[in-house]
file run-v3.pdb (PDB, C-alpha atoms)
ATOM      1  CA  MET A   1      61.639 145.747  80.799
ATOM      2  CA  ASN A   2      58.367 144.482  82.312
ATOM      3  CA  LEU A   3      58.682 144.670  86.112
ATOM      4  CA  SER A   4      56.594 141.551  86.664
ATOM      5  CA  LEU A   5      58.910 139.607  84.344
ATOM      6  CA  LEU A   6      61.940 140.988  86.172
ATOM      7  CA  TYR A   7      60.455 139.942  89.525
ATOM      8  CA  HIS A   8      59.613 136.481  88.173
ATOM      9  CA  LEU A   9      63.125 135.969  86.781
ATOM     10  CA  THR A  10      64.724 137.118  90.034
ATOM     11  CA  ARG A  11      62.511 134.897  92.180
ATOM     12  CA  GLN A  12      62.953 131.916  89.856
ATOM     13  CA  ASP A  13      66.710 132.398  89.829
ATOM     14  CA  LEU A  14      66.852 132.174  93.617
ATOM     15  CA  VAL A  15      64.594 129.119  93.635
ATOM     16  CA  ASP A  16      66.465 127.372  90.820
ATOM     17  CA  SER A  17      69.768 127.755  92.644
ATOM     18  CA  TYR A  18      68.824 124.854  94.906
ATOM     19  CA  ALA A  19      66.064 123.195  92.892
ATOM     20  CA  GLY A  20      65.643 119.517  93.695
ATOM     21  CA  SER A  21      67.265 119.746  97.123
ATOM     22  CA  ILE A  22      65.367 118.761 100.258
ATOM     23  CA  LEU A  23      65.676 122.139 101.958
ATOM     24  CA  GLY A  24      65.117 124.075  98.747
ATOM     25  CA  ALA A  25      65.145 127.869  99.122
ATOM     26  CA  ALA A  26      66.316 127.538 102.749
ATOM     27  CA  TRP A  27      69.822 127.037 101.346
ATOM     28  CA  THR A  28      69.714 130.704 100.310
ATOM     29  CA  PHE A  29      70.016 131.449 104.031
ATOM     30  CA  ILE A  30      72.038 128.433 105.151
ATOM     31  CA  MET A  31      75.003 128.894 102.800
ATOM     32  CA  PRO A  32      75.639 132.579 103.679
ATOM     33  CA  LEU A  33      75.301 131.713 107.379
ATOM     34  CA  VAL A  34      77.831 128.877 107.117
ATOM     35  CA  ASN A  35      80.269 131.110 105.240
ATOM     36  CA  ILE A  36      79.957 133.888 107.810
ATOM     37  CA  LEU A  37      80.559 131.433 110.652
ATOM     38  CA  ILE A  38      83.672 130.098 108.920
ATOM     39  CA  PHE A  39      85.056 133.553 108.186
ATOM     40  CA  THR A  40      84.279 135.098 111.562
ATOM     41  CA  LEU A  41      84.908 132.273 114.017
ATOM     42  CA  ILE A  42      87.360 129.819 112.466
ATOM     43  CA  PHE A  43      89.583 132.315 110.660
ATOM     44  CA  SER A  44      89.805 134.619 113.669
ATOM     45  CA  ARG A  45      91.107 131.812 115.890
ATOM     46  CA  ILE A  46      93.263 129.823 113.456
ATOM     47  CA  MET A  47      94.869 132.751 111.665
ATOM     48  CA  GLY A  48      95.215 134.920 114.770
ATOM     49  CA  MET A  49      95.923 137.856 112.502
ATOM     50  CA  ARG A  50      95.931 141.391 113.844
ATOM     51  CA  LEU A  51      95.287 144.519 111.842
ATOM     52  CA  GLY A  52      96.270 147.035 114.477
ATOM     53  CA  GLU A  53      98.463 148.926 112.034
ATOM     54  CA  MET A  54      95.338 149.785 110.053
ATOM     55  CA  GLY A  55      93.795 151.530 113.036
ATOM     56  CA  ALA A  56      91.243 148.811 113.802
ATOM     57  CA  GLU A  57      90.798 147.739 117.422
ATOM     58  CA  LEU A  58      88.729 144.565 117.203
ATOM     59  CA  GLU A  59      91.113 142.265 119.060
ATOM     60  CA  GLN A  60      90.877 138.659 117.878
ATOM     61  CA  TYR A  61      88.167 139.396 115.302
ATOM     62  CA  SER A  62      90.141 142.020 113.361
ATOM     63  CA  TYR A  63      91.040 139.691 110.537
ATOM     64  CA  SER A  64      87.552 138.210 110.390
ATOM     65  CA  VAL A  65      85.951 141.616 109.862
ATOM     66  CA  TYR A  66      88.648 142.575 107.353
ATOM     67  CA  LEU A  67      88.142 139.314 105.441
ATOM     68  CA  VAL A  68      84.339 139.228 105.423
ATOM     69  CA  ILE A  69      83.998 142.764 104.089
ATOM     70  CA  GLY A  70      86.272 141.916 101.166
ATOM     71  CA  VAL A  71      84.957 138.424 100.426
ATOM     72  CA  LEU A  72      81.267 139.371 100.467
ATOM     73  CA  ALA A  73      81.857 142.317  98.160
ATOM     74  CA  TRP A  74      84.032 140.236  95.844
ATOM     75  CA  ASN A  75      81.515 137.405  95.612
ATOM     76  CA  LEU A  76      78.798 139.886  94.671
ATOM     77  CA  PHE A  77      81.001 141.520  92.033
ATOM     78  CA  ALA A  78      82.474 138.345  90.530
ATOM     79  CA  ASN A  79      79.187 136.420  90.460
ATOM     80  CA  THR A  80      77.423 139.338  88.808
ATOM     81  CA  LEU A  81      80.152 139.743  86.202
ATOM     82  CA  SER A  82      80.361 136.019  85.400
ATOM     83  CA  ARG A  83      76.618 135.464  85.221
ATOM     84  CA  VAL A  84      75.865 138.558  83.135
ATOM     85  CA  THR A  85      78.553 137.379  80.716
ATOM     86  CA  HIS A  86      76.654 134.124  80.165
ATOM     87  CA  VAL A  87      73.100 135.472  80.364
ATOM     88  CA  PHE A  88      72.306 135.351  76.609
ATOM     89  CA  HIS A  89      73.183 131.658  76.453
ATOM     90  CA  GLU A  90      71.427 130.869  79.732
ATOM     91  CA  LYS A  91      68.194 132.615  78.707
ATOM     92  CA  ALA A  92      68.242 131.755  74.993
ATOM     93  CA  ALA A  93      64.779 130.159  75.218
ATOM     94  CA  ILE A  94      63.249 133.304  76.707
ATOM     95  CA  ILE A  95      64.979 135.562  74.201
ATOM     96  CA  GLY A  96      63.513 133.500  71.371
ATOM     97  CA  LYS A  97      59.954 133.507  72.750
ATOM     98  CA  VAL A  98      59.496 136.784  74.639
ATOM     99  CA  ASN A  99      59.979 140.289  73.287
ATOM    100  CA  VAL A 100      62.434 141.363  75.960
ATOM    101  CA  SER A 101      65.234 143.909  75.892
ATOM    102  CA  LEU A 102      68.508 142.025  75.710
ATOM    103  CA  PHE A 103      70.269 144.604  77.816
ATOM    104  CA  ALA A 104      67.638 144.944  80.521
ATOM    105  CA  LEU A 105      67.341 141.166  80.848
ATOM    106  CA  PRO A 106      70.508 140.784  82.995
ATOM    107  CA  LEU A 107      68.996 143.071  85.644
ATOM    108  CA  TYR A 108      67.456 140.027  87.307
ATOM    109  CA  ILE A 109      70.989 138.803  88.027
ATOM    110  CA  LEU A 110      71.777 142.060  89.823
ATOM    111  CA  PHE A 111      68.728 141.676  92.048
ATOM    112  CA  SER A 112      69.285 137.970  92.647
ATOM    113  CA  GLU A 113      72.943 138.354  93.610
ATOM    114  CA  LEU A 114      72.144 141.427  95.696
ATOM    115  CA  THR A 115      69.536 139.411  97.621
ATOM    116  CA  VAL A 116      72.142 136.787  98.519
ATOM    117  CA  TYR A 117      74.570 139.568  99.477
ATOM    118  CA  VAL A 118      72.006 141.242 101.733
ATOM    119  CA  ILE A 119      71.262 137.929 103.480
ATOM    120  CA  ALA A 120      74.959 137.271 104.086
ATOM    121  CA  SER A 121      75.496 140.875 105.213
ATOM    122  CA  THR A 122      72.623 140.547 107.679
ATOM    123  CA  PHE A 123      74.341 137.587 109.341
ATOM    124  CA  PHE A 124      77.575 139.595 109.322
ATOM    125  CA  ILE A 125      75.884 142.530 111.069
ATOM    126  CA  ILE A 126      74.442 140.155 113.686
ATOM    127  CA  PHE A 127      77.992 138.916 114.325
ATOM    128  CA  LEU A 128      79.231 142.523 114.666
ATOM    129  CA  LEU A 129      76.485 143.259 117.186
ATOM    130  CA  ALA A 130      77.523 140.169 119.152
ATOM    131  CA  ILE A 131      81.112 141.431 119.479
ATOM    132  CA  ASP A 132      79.972 144.971 120.421
ATOM    133  CA  PHE A 133      81.206 146.515 117.209
ATOM    134  CA  ASP A 134      80.773 150.304 117.029
ATOM    135  CA  PHE A 135      78.530 151.402 114.178
ATOM    136  CA  THR A 136      78.892 154.965 112.916
ATOM    137  CA  TRP A 137      77.235 157.115 110.262
ATOM    138  CA  HIS A 138      80.105 156.232 107.920
ATOM    139  CA  TRP A 139      78.144 153.067 107.160
ATOM    140  CA  LEU A 140      75.898 155.264 104.986
ATOM    141  CA  TRP A 141      78.656 155.086 102.366
ATOM    142  CA  TRP A 142      78.019 151.349 102.000
ATOM    143  CA  PRO A 143      75.149 151.461  99.445
ATOM    144  CA  LEU A 144      76.849 154.210  97.433
ATOM    145  CA  ILE A 145      80.040 152.166  97.124
ATOM    146  CA  LEU A 146      77.992 149.127  96.082
ATOM    147  CA  ILE A 147      76.315 151.182  93.335
ATOM    148  CA  VAL A 148      79.745 151.983  91.891
ATOM    149  CA  GLN A 149      80.825 148.340  92.231
ATOM    150  CA  GLN A 150      77.738 146.843  90.604
ATOM    151  CA  THR A 151      77.589 149.404  87.815
ATOM    152  CA  LEU A 152      81.135 148.389  86.911
ATOM    153  CA  ALA A 153      80.278 144.668  87.085
ATOM    154  CA  TYR A 154      77.175 145.136  84.943
ATOM    155  CA  ALA A 155      78.980 147.278  82.375
ATOM    156  CA  ILE A 156      81.860 144.828  81.907
ATOM    157  CA  GLY A 157      79.412 141.937  81.913
ATOM    158  CA  ILE A 158      77.281 143.458  79.135
ATOM    159  CA  ILE A 159      80.335 143.875  76.917
ATOM    160  CA  PHE A 160      81.467 140.308  77.547
ATOM    161  CA  ALA A 161      77.917 138.994  77.085
ATOM    162  CA  THR A 162      77.756 140.526  73.616
ATOM    163  CA  LEU A 163      81.184 139.211  72.654
ATOM    164  CA  SER A 164      80.471 135.747  74.084
ATOM    165  CA  VAL A 165      77.738 135.175  71.493
ATOM    166  CA  PHE A 166      80.374 135.271  68.757
ATOM    167  CA  ILE A 167      83.459 134.170  70.733
ATOM    168  CA  ARG A 168      82.625 131.151  72.899
ATOM    169  CA  ASP A 169      85.955 131.352  74.741
ATOM    170  CA  ILE A 170      84.816 134.523  76.517
ATOM    171  CA  LYS A 171      83.148 132.523  79.303
ATOM    172  CA  GLN A 172      86.390 130.659  80.066
ATOM    173  CA  PHE A 173      88.346 133.893  79.774
ATOM    174  CA  VAL A 174      86.145 135.569  82.384
ATOM    175  CA  GLY A 175      86.661 132.578  84.700
ATOM    176  CA  VAL A 176      90.432 132.983  84.463
ATOM    177  CA  LEU A 177      90.151 136.767  84.756
ATOM    178  CA  THR A 178      88.145 136.646  87.982
ATOM    179  CA  GLN A 179      90.565 134.116  89.516
ATOM    180  CA  LEU A 180      93.560 136.326  88.771
ATOM    181  CA  TRP A 181      91.687 139.480  89.755
ATOM    182  CA  PHE A 182      90.808 137.995  93.147
ATOM    183  CA  TRP A 183      94.411 137.231  94.034
ATOM    184  CA  LEU A 184      95.644 140.542  92.666
ATOM    185  CA  THR A 185      93.352 142.310  95.139
ATOM    186  CA  PRO A 186      94.169 142.460  98.880
ATOM    187  CA  ILE A 187      91.090 140.569 100.012
ATOM    188  CA  VAL A 188      92.624 137.733 102.053
ATOM    189  CA  TYR A 189      95.966 139.428 102.613
ATOM    190  CA  VAL A 190      97.099 142.887 103.693
ATOM    191  CA  ILE A 191      98.829 145.091 101.134
ATOM    192  CA  ASN A 192     101.470 146.048 103.727
ATOM    193  CA  ILE A 193     103.078 142.603 103.404
ATOM    194  CA  LEU A 194     104.056 143.369  99.800
ATOM    195  CA  PRO A 195     107.239 145.134  98.684
ATOM    196  CA  GLU A 196     106.815 148.895  98.433
ATOM    197  CA  LYS A 197     107.549 148.932  94.691
ATOM    198  CA  TRP A 198     104.534 146.702  94.002
ATOM    199  CA  LYS A 199     101.994 148.809  95.859
ATOM    200  CA  ALA A 200     101.721 151.383  93.062
ATOM    201  CA  LEU A 201     100.453 148.657  90.711
ATOM    202  CA  PHE A 202      97.383 148.188  92.897
ATOM    203  CA  LEU A 203      96.250 151.697  92.025
ATOM    204  CA  LEU A 204      95.391 150.316  88.567
ATOM    205  CA  ASN A 205      93.114 147.673  90.078
ATOM    206  CA  PRO A 206      89.515 148.989  90.237
ATOM    207  CA  PHE A 207      88.424 146.551  92.929
ATOM    208  CA  PHE A 208      91.341 147.592  95.139
ATOM    209  CA  HIS A 209      89.731 151.016  95.478
ATOM    210  CA  ILE A 210      86.273 149.518  96.045
ATOM    211  CA  VAL A 211      87.342 147.152  98.814
ATOM    212  CA  ASN A 212      89.437 149.881 100.424
ATOM    213  CA  ALA A 213      86.440 152.216 100.402
ATOM    214  CA  LEU A 214      84.274 149.546 102.030
ATOM    215  CA  ARG A 215      86.834 148.822 104.737
ATOM    216  CA  ASP A 216      87.423 152.519 105.399
ATOM    217  CA  SER A 217      83.723 153.192 105.927
ATOM    218  CA  LEU A 218      82.595 149.930 107.560
ATOM    219  CA  MET A 219      85.648 148.881 109.551
ATOM    220  CA  LEU A 220      87.747 151.971 110.188
ATOM    221  CA  HIS A 221      84.838 154.437 110.508
ATOM    222  CA  SER A 222      86.359 156.978 108.161
ATOM    223  CA  HIS A 223      85.540 158.658 104.881
ATOM    224  CA  PRO A 224      86.395 156.549 101.831
ATOM    225  CA  ALA A 225      88.648 158.132  99.231
ATOM    226  CA  LEU A 226      86.123 159.858  96.981
ATOM    227  CA  ILE A 227      88.236 160.660  93.923
ATOM    228  CA  PRO A 228      88.896 156.978  93.033
ATOM    229  CA  LEU A 229      85.183 156.211  93.438
ATOM    230  CA  VAL A 230      84.151 159.109  91.212
ATOM    231  CA  VAL A 231      86.692 158.056  88.579
ATOM    232  CA  LEU A 232      85.510 154.429  88.760
ATOM    233  CA  MET A 233      81.872 155.485  88.384
ATOM    234  CA  ALA A 234      82.753 157.590  85.346
ATOM    235  CA  ILE A 235      84.657 154.649  83.808
ATOM    236  CA  ALA A 236      81.777 152.290  84.604
ATOM    237  CA  LEU A 237      79.240 154.588  82.916
ATOM    238  CA  LEU A 238      81.469 154.948  79.854
ATOM    239  CA  LEU A 239      81.862 151.174  79.645
ATOM    240  CA  LEU A 240      78.110 150.755  80.059
ATOM    241  CA  ALA A 241      77.417 153.249  77.296
ATOM    242  CA  PHE A 242      79.877 151.454  75.031
ATOM    243  CA  GLY A 243      78.397 148.072  75.911
ATOM    244  CA  LEU A 244      74.865 149.228  75.131
ATOM    245  CA  TRP A 245      75.985 150.842  71.878
ATOM    246  CA  LEU A 246      77.848 147.694  70.818
ATOM    247  CA  GLY A 247      74.952 145.476  71.795
ATOM    248  CA  GLN A 248      72.387 147.547  69.907
ATOM    249  CA  ARG A 249      74.495 147.451  66.757
ATOM    250  CA  LEU A 250      74.796 143.675  67.014
ATOM    251  CA  GLU A 251      71.358 142.890  68.468
ATOM    252  CA  ARG A 252      69.968 141.306  65.302
ATOM    253  CA  ASP A 253      73.060 139.126  64.945
ATOM    254  CA  ILE A 254      72.882 138.201  68.615
ATOM    255  CA  ARG A 255      69.287 136.971  68.254
ATOM    256  CA  ASP A 256      70.226 135.032  65.108
ATOM    257  CA  PHE A 257      73.260 133.359  66.705
ATOM    258  CA  ILE A 258      71.437 132.522  69.940
TER     259      ILE A 258
END
call {"tool": "encode", "arguments": {"input": "run-v3.pdb", "output": "structure tokens"}}
result
Amino acid sequence: MNLSLLYHLTRQDLVDSYAGSILGAAWTFIMPLVNILIFTLIFSRIMGMRLGEMGAELEQYSYSVYLVIGVLAWNLFANTLSRVTHVFHEKAAIIGKVNVSLFALPLYILFSELTVYVIASTFFIIFLLAIDFDFTWHWLWWPLILIVQQTLAYAIGIIFATLSVFIRDIKQFVGVLTQLWFWLTPIVYVINILPEKWKALFLLNPFFHIVNALRDSLMLHSHPALIPLVVLMAIALLLLAFGLWLGQRLERDIRDFI
């Protein structure tokens, strides 16, 4: 895919998010900042939750750190998945006029959503510095975990994007799926509150392993479990290969239907 086109689509996507508003692109910074303030200040005082049993010693901000790590990662994953699913419909005009690879086109969504994630994470890091959080080299796992996460989101999204051209209900299905997936993942709650017999079911949830890996490395300063991440990356690559194969076989039909 042409890099200049990819840059243009990414930049335009960020601008279009708040097109017509008075503050315009400034909302790209304002919204993540507001969310971080809500998660870190309000939740820490209202909820008063402690995560001492997890080995974290962050006093009143334990739950805030726990929550923000999970919510930011989930928003990046879910937004990427949902938007890639709908990309062929959203960019139908471009597909009809520009000779662009259908399966490289969604890359602009990855970069756009990652930009928002980086902005929000920057505010989060500033908050951690303000509370004298200890940073260790385990934070180097952060980008590697995100690569696994976003590869999985992109792979699933490509498959759904192809199917959505022929089955319009796919978009609604993905909306329901992400809602259920969110609540089936310990993002706002701690898995220890659940009955022991249910915990084994979480091992089948890919995002459970991703959010655990992020919290292990960023919050608990420990090595993330590598085997689940390796398995997830292998699954993501297989899904991506299948999605590309399926899309290439149906590419002519996709362009006709769009």
call {"tool": "residues_around", "arguments": {"input": "run-v3.pdb", "residues": "Ala161 (chain A)", "least_positions_apart": "6", "cutoff": "7 Å", "atoms": "all atoms listed in the file", "output": "PyMOL selection string"}}
result
chain A and resi 84-88
call {"tool": "closest_residue", "arguments": {"input": "run-v3.pdb", "among": "A:Val118, A:Leu201, A:Ile235, A:Leu180", "to": "Pro143 (chain A)", "atoms": "only C-alpha atoms"}}
result
A:Val118
call {"tool": "closest_atom_pairs", "arguments": {"input": "run-v3.pdb", "of": "region 88-146 of chain A", "to": "region 206-212 of chain A", "cutoff": "12 Å", "atoms": "all atoms listed in the file", "output": "CSV"}}
result
residue,atom,partner,partner_atom,distance
A:Trp141,CA,A:Ile210,CA,11.4
A:Trp142,CA,A:Ile210,CA,10.3
A:Pro143,CA,A:Ile210,CA,11.8
A:Leu144,CA,A:Ile210,CA,10.6
A:Ile145,CA,A:Ile210,CA,6.9
A:Leu146,CA,A:Ile210,CA,8.3
call {"tool": "atom_distance", "arguments": {"input": "run-v3.pdb", "atom1": "CA of Val188 (chain A)", "atom2": "CA of Leu107 (chain A)"}}
result
29.3 Å
call {"tool": "closest_residue", "arguments": {"input": "run-v3.pdb", "among": "A:Leu163, A:Ala225, A:Leu240, A:Ile156", "to": "Asp253 (chain A)", "atoms": "all atoms listed in the file"}}
result
A:Leu163
call {"tool": "atom_distance", "arguments": {"input": "run-v3.pdb", "atom1": "CA of Tyr66 (chain A)", "atom2": "CA of Tyr189 (chain A)"}}
result
9.3 Å
call {"tool": "residues_around", "arguments": {"input": "run-v3.pdb", "residues": "Val98 (chain A)", "least_positions_apart": "3", "cutoff": "12 Å", "atoms": "all atoms listed in the file", "output": "CSV table (one decimal) with C-alpha atoms, in the coordinates of the input"}}
result
chain,number,residue,atom,x,y,z
A,1,MET,CA,61.6,145.7,80.8
A,2,ASN,CA,58.4,144.5,82.3
A,5,LEU,CA,58.9,139.6,84.3
A,91,LYS,CA,68.2,132.6,78.7
A,92,ALA,CA,68.2,131.8,75.0
A,93,ALA,CA,64.8,130.2,75.2
A,94,ILE,CA,63.2,133.3,76.7
A,95,ILE,CA,65.0,135.6,74.2
A,101,SER,CA,65.2,143.9,75.9
A,102,LEU,CA,68.5,142.0,75.7
A,105,LEU,CA,67.3,141.2,80.8
A,255,ARG,CA,69.3,137.0,68.3
call {"tool": "closest_atom_pairs", "arguments": {"input": "run-v3.pdb", "of": "region 91-206 of chain A", "to": "region 70-76 of chain A", "cutoff": "9 Å", "atoms": "all atoms listed in the file", "output": "tab-separated table"}}
result
residue	atom	partner	partner_atom	distance
A:Leu110	CA	A:Leu76	CA	8.8
A:Glu113	CA	A:Leu76	CA	6.1
A:Leu114	CA	A:Leu76	CA	6.9
A:Val116	CA	A:Leu76	CA	8.3
A:Tyr117	CA	A:Leu76	CA	6.4
A:Ala120	CA	A:Leu72	CA	7.6
A:Ser121	CA	A:Leu72	CA	7.6
A:Leu146	CA	A:Ala73	CA	8.1
A:Gln149	CA	A:Ala73	CA	8.5
A:Gln150	CA	A:Leu76	CA	8.1
A:Phe182	CA	A:Trp74	CA	7.6
A:Pro186	CA	A:Gly70	CA	8.2
A:Ile187	CA	A:Gly70	CA	5.1
A:Val188	CA	A:Gly70	CA	7.7
call {"tool": "residues_around", "arguments": {"input": "run-v3.pdb", "residues": "Thr178 (chain A)", "least_positions_apart": "5", "cutoff": "9 Å", "atoms": "only C-alpha atoms", "output": "list in words"}}
result
Ala78, Leu81, Ser82, Phe173 and Trp183 of chain A
call {"tool": "closest_residue", "arguments": {"input": "run-v3.pdb", "among": "A:Trp137, A:Tyr61, A:Phe166, A:Tyr7", "to": "Ser112 (chain A)", "atoms": "only C-alpha atoms"}}
result
A:Tyr7
